[in-house]
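K.L.:
One structure is given below, represented as structure tokens, and several questions about it will come after.
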Amino acid sequence: LAQMAIDSINSNSQEIRVSKLASGYTRVKFYSPLPAWAERRWSLVGRKSSQSGSLFCYDLEPDIAASEMEFAQQRLFNNVVEE
């Protein structure tokens, strides 16, 4: 988390990518490790999915996706990019 904050201060925020799936879910792709507490959070609210090209990803239900992206930006200093 400290490295995420430092990167953010240096205008080099770690990036996550989000995309809408045909099922209505939102897929969130991570390219760098997360703190264990954040990964546990997404394991509870979403379902881990396999996705090539990213370290790991989660599929989130439509009704919680927006609040989870806000959480990622505020608490994890991530830059959220929509695909």
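Letters for chains follow the order of the structure tokens (A, B, ...), residue numbers begin at 1 for each chain, and ligand numbers begin at 1 in the order shown.
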I want to know what sits within 6 Å of range 51-59 of chain A, based on only C-alpha atoms, with residues of the same chain fewer than 6 positions away left out; could you give that as a VMD selection string?
P.N.:
chain A and resid 26 to 31
K.L.:
Grab the residues selected above and save them as an mmCIF file, in the first residue's frame with N, CA and C atoms.
P.N.:
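That gives us part-v2.cif:
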data_model
loop_
_atom_site.group_PDB
_atom_site.id
_atom_site.type_symbol
_atom_site.label_atom_id
_atom_site.label_comp_id
_atom_site.auth_asym_id
_atom_site.auth_seq_id
_atom_site.Cartn_x
_atom_site.Cartn_y
_atom_site.Cartn_z
ATOM 1 N N THR A 26 -19.158 -6.544 -14.219
ATOM 2 C CA THR A 26 -18.000 -5.718 -14.559
ATOM 3 C C THR A 26 -16.753 -6.512 -14.241
ATOM 4 N N ARG A 27 -15.851 -6.637 -15.207
ATOM 5 C CA ARG A 27 -14.582 -7.338 -14.990
ATOM 6 C C ARG A 27 -13.521 -6.306 -14.628
ATOM 7 N N VAL A 28 -12.830 -6.556 -13.531
ATOM 8 C CA VAL A 28 -11.780 -5.676 -13.039
ATOM 9 C C VAL A 28 -10.456 -6.428 -13.144
ATOM 10 N N LYS A 29 -9.528 -5.875 -13.935
ATOM 11 C CA LYS A 29 -8.230 -6.535 -14.160
ATOM 12 C C LYS A 29 -7.137 -5.801 -13.388
ATOM 13 N N PHE A 30 -6.334 -6.565 -12.685
ATOM 14 C CA PHE A 30 -5.231 -6.020 -11.896
ATOM 15 C C PHE A 30 -3.903 -6.444 -12.513
ATOM 16 N N TYR A 31 -2.965 -5.516 -12.540
ATOM 17 C CA TYR A 31 -1.666 -5.768 -13.158
ATOM 18 C C TYR A 31 -0.528 -5.718 -12.149
#
K.L.:
Record the distance separating CA of Gly24 in chain A and CA of Glu61 in chain A, expressed in Å with one decimal.
P.N.:
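CA of Glu61 in chain A lies 7.3 Å from CA of Gly24 in chain A.
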K.L.:
What is the distance, in Å and to one decimal place, between CA of Ser43 in chain A and CA of Ala22 in chain A?
P.N.:
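These two atoms are separated by 21.2 Å.
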K.L.:
Can you measure CA of Gln73 in chain A to CA of Ser23 in chain A for me? One decimal in Å is fine.
P.N.:
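Atom-to-atom, CA of Gln73 in chain A to CA of Ser23 in chain A, that is 24.6 Å.
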K.L.:
Which of these, A:Lys48, A:Leu34, A:Tyr25, A:Trp42, has the shortest distance to Asp63 in chain A once you count only C-alpha atoms?
P.N.:
A:Tyr25
K.L.:
Could you write out, as a PyMOL selection string, all the residues of range 4-69 of chain A that DSSP marks as helix (DSSP H, G or I)?
P.N.:
chain A and resi 4-9+36-45+62-69
K.L.:
So which residues of chain A fall under strand (DSSP E or B) by DSSP, listed as an MDAnalysis selection string?
P.N.:
chainID A and resid 15:20 26:30 46:49 56:60 79:82
K.L.:
Mind checking which residues fall within 9 Å of Met69 in chain A, counting only C-alpha atoms, ignoring those fewer than 2 positions away in the same chain, and posting them as a PyMOL selection string?
P.N.:
chain A and resi 18+28+64-67+71-74+78+80
K.L.:
Save out the residues we just selected, all heavy atoms, as an mmCIF file, in the first residue's frame.
P.N.:
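Full text of selection16.cif as output:
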data_model
loop_
_atom_site.group_PDB
_atom_site.id
_atom_site.type_symbol
_atom_site.label_atom_id
_atom_site.label_comp_id
_atom_site.auth_asym_id
_atom_site.auth_seq_id
_atom_site.Cartn_x
_atom_site.Cartn_y
_atom_site.Cartn_z
ATOM 1 N N VAL A 18 -11.229 -1.831 -16.280
ATOM 2 C CA VAL A 18 -12.567 -2.366 -16.079
ATOM 3 C C VAL A 18 -13.277 -2.456 -17.416
ATOM 4 O O VAL A 18 -13.080 -1.621 -18.300
ATOM 5 C CB VAL A 18 -13.401 -1.521 -15.087
ATOM 6 C CG1 VAL A 18 -12.777 -1.529 -13.719
ATOM 7 C CG2 VAL A 18 -13.578 -0.109 -15.571
ATOM 8 N N VAL A 28 -12.830 -6.556 -13.531
ATOM 9 C CA VAL A 28 -11.780 -5.676 -13.039
ATOM 10 C C VAL A 28 -10.456 -6.428 -13.144
ATOM 11 O O VAL A 28 -10.294 -7.488 -12.539
ATOM 12 C CB VAL A 28 -12.034 -5.265 -11.568
ATOM 13 C CG1 VAL A 28 -10.996 -4.262 -11.114
ATOM 14 C CG2 VAL A 28 -13.440 -4.719 -11.397
ATOM 15 N N ILE A 64 -22.682 -3.318 -7.380
ATOM 16 C CA ILE A 64 -21.578 -2.945 -6.495
ATOM 17 C C ILE A 64 -20.342 -2.452 -7.242
ATOM 18 O O ILE A 64 -19.416 -1.949 -6.619
ATOM 19 C CB ILE A 64 -21.182 -4.108 -5.565
ATOM 20 C CG1 ILE A 64 -20.650 -5.290 -6.373
ATOM 21 C CG2 ILE A 64 -22.322 -4.507 -4.664
ATOM 22 C CD1 ILE A 64 -19.919 -6.304 -5.548
ATOM 23 N N ALA A 65 -20.323 -2.574 -8.545
ATOM 24 C CA ALA A 65 -19.122 -2.248 -9.320
ATOM 25 C C ALA A 65 -18.685 -0.796 -9.123
ATOM 26 O O ALA A 65 -17.504 -0.527 -8.895
ATOM 27 C CB ALA A 65 -19.345 -2.551 -10.797
ATOM 28 N N ALA A 66 -19.599 0.147 -9.191
ATOM 29 C CA ALA A 66 -19.232 1.566 -9.076
ATOM 30 C C ALA A 66 -18.624 1.877 -7.705
ATOM 31 O O ALA A 66 -17.598 2.567 -7.620
ATOM 32 C CB ALA A 66 -20.444 2.445 -9.333
ATOM 33 N N SER A 67 -19.216 1.354 -6.651
ATOM 34 C CA SER A 67 -18.670 1.626 -5.317
ATOM 35 C C SER A 67 -17.307 0.967 -5.124
ATOM 36 O O SER A 67 -16.436 1.522 -4.451
ATOM 37 C CB SER A 67 -19.647 1.195 -4.225
ATOM 38 O OG SER A 67 -19.854 -0.193 -4.258
ATOM 39 N N PHE A 71 -13.742 2.724 -4.235
ATOM 40 C CA PHE A 71 -12.868 2.181 -3.196
ATOM 41 C C PHE A 71 -11.431 2.036 -3.729
ATOM 42 O O PHE A 71 -10.470 2.422 -3.064
ATOM 43 C CB PHE A 71 -13.405 0.826 -2.733
ATOM 44 C CG PHE A 71 -12.448 0.019 -1.904
ATOM 45 C CD1 PHE A 71 -12.263 0.281 -0.565
ATOM 46 C CD2 PHE A 71 -11.716 -1.016 -2.480
ATOM 47 C CE1 PHE A 71 -11.388 -0.468 0.198
ATOM 48 C CE2 PHE A 71 -10.833 -1.767 -1.740
ATOM 49 C CZ PHE A 71 -10.666 -1.493 -0.390
ATOM 50 N N ALA A 72 -11.284 1.491 -4.921
ATOM 51 C CA ALA A 72 -9.953 1.284 -5.516
ATOM 52 C C ALA A 72 -9.220 2.609 -5.702
ATOM 53 O O ALA A 72 -8.019 2.696 -5.460
ATOM 54 C CB ALA A 72 -10.079 0.552 -6.849
ATOM 55 N N GLN A 73 -9.941 3.623 -6.124
ATOM 56 C CA GLN A 73 -9.304 4.925 -6.339
ATOM 57 C C GLN A 73 -8.942 5.608 -5.027
ATOM 58 O O GLN A 73 -7.857 6.177 -4.906
ATOM 59 C CB GLN A 73 -10.213 5.832 -7.165
ATOM 60 C CG GLN A 73 -10.312 5.380 -8.604
ATOM 61 C CD GLN A 73 -11.284 6.219 -9.407
ATOM 62 O OE1 GLN A 73 -12.404 6.468 -8.989
ATOM 63 N NE2 GLN A 73 -10.847 6.647 -10.574
ATOM 64 N N GLN A 74 -9.827 5.557 -4.049
ATOM 65 C CA GLN A 74 -9.594 6.272 -2.797
ATOM 66 C C GLN A 74 -8.676 5.551 -1.833
ATOM 67 O O GLN A 74 -7.835 6.172 -1.197
ATOM 68 C CB GLN A 74 -10.927 6.552 -2.111
ATOM 69 C CG GLN A 74 -11.772 7.541 -2.861
ATOM 70 C CD GLN A 74 -13.109 7.778 -2.183
ATOM 71 O OE1 GLN A 74 -13.469 7.107 -1.214
ATOM 72 N NE2 GLN A 74 -13.854 8.725 -2.698
ATOM 73 N N ASN A 78 -5.435 3.574 -7.047
ATOM 74 C CA ASN A 78 -5.381 3.043 -8.403
ATOM 75 C C ASN A 78 -5.981 4.023 -9.383
ATOM 76 O O ASN A 78 -6.909 4.768 -9.074
ATOM 77 C CB ASN A 78 -6.146 1.722 -8.520
ATOM 78 C CG ASN A 78 -5.418 0.564 -7.891
ATOM 79 O OD1 ASN A 78 -5.922 -0.078 -7.001
ATOM 80 N ND2 ASN A 78 -4.221 0.289 -8.351
ATOM 81 N N VAL A 80 -8.275 4.009 -12.464
ATOM 82 C CA VAL A 80 -9.259 3.114 -13.077
ATOM 83 C C VAL A 80 -9.447 3.511 -14.529
ATOM 84 O O VAL A 80 -9.783 4.651 -14.834
ATOM 85 C CB VAL A 80 -10.608 3.161 -12.326
ATOM 86 C CG1 VAL A 80 -11.642 2.295 -13.020
ATOM 87 C CG2 VAL A 80 -10.424 2.731 -10.879
#
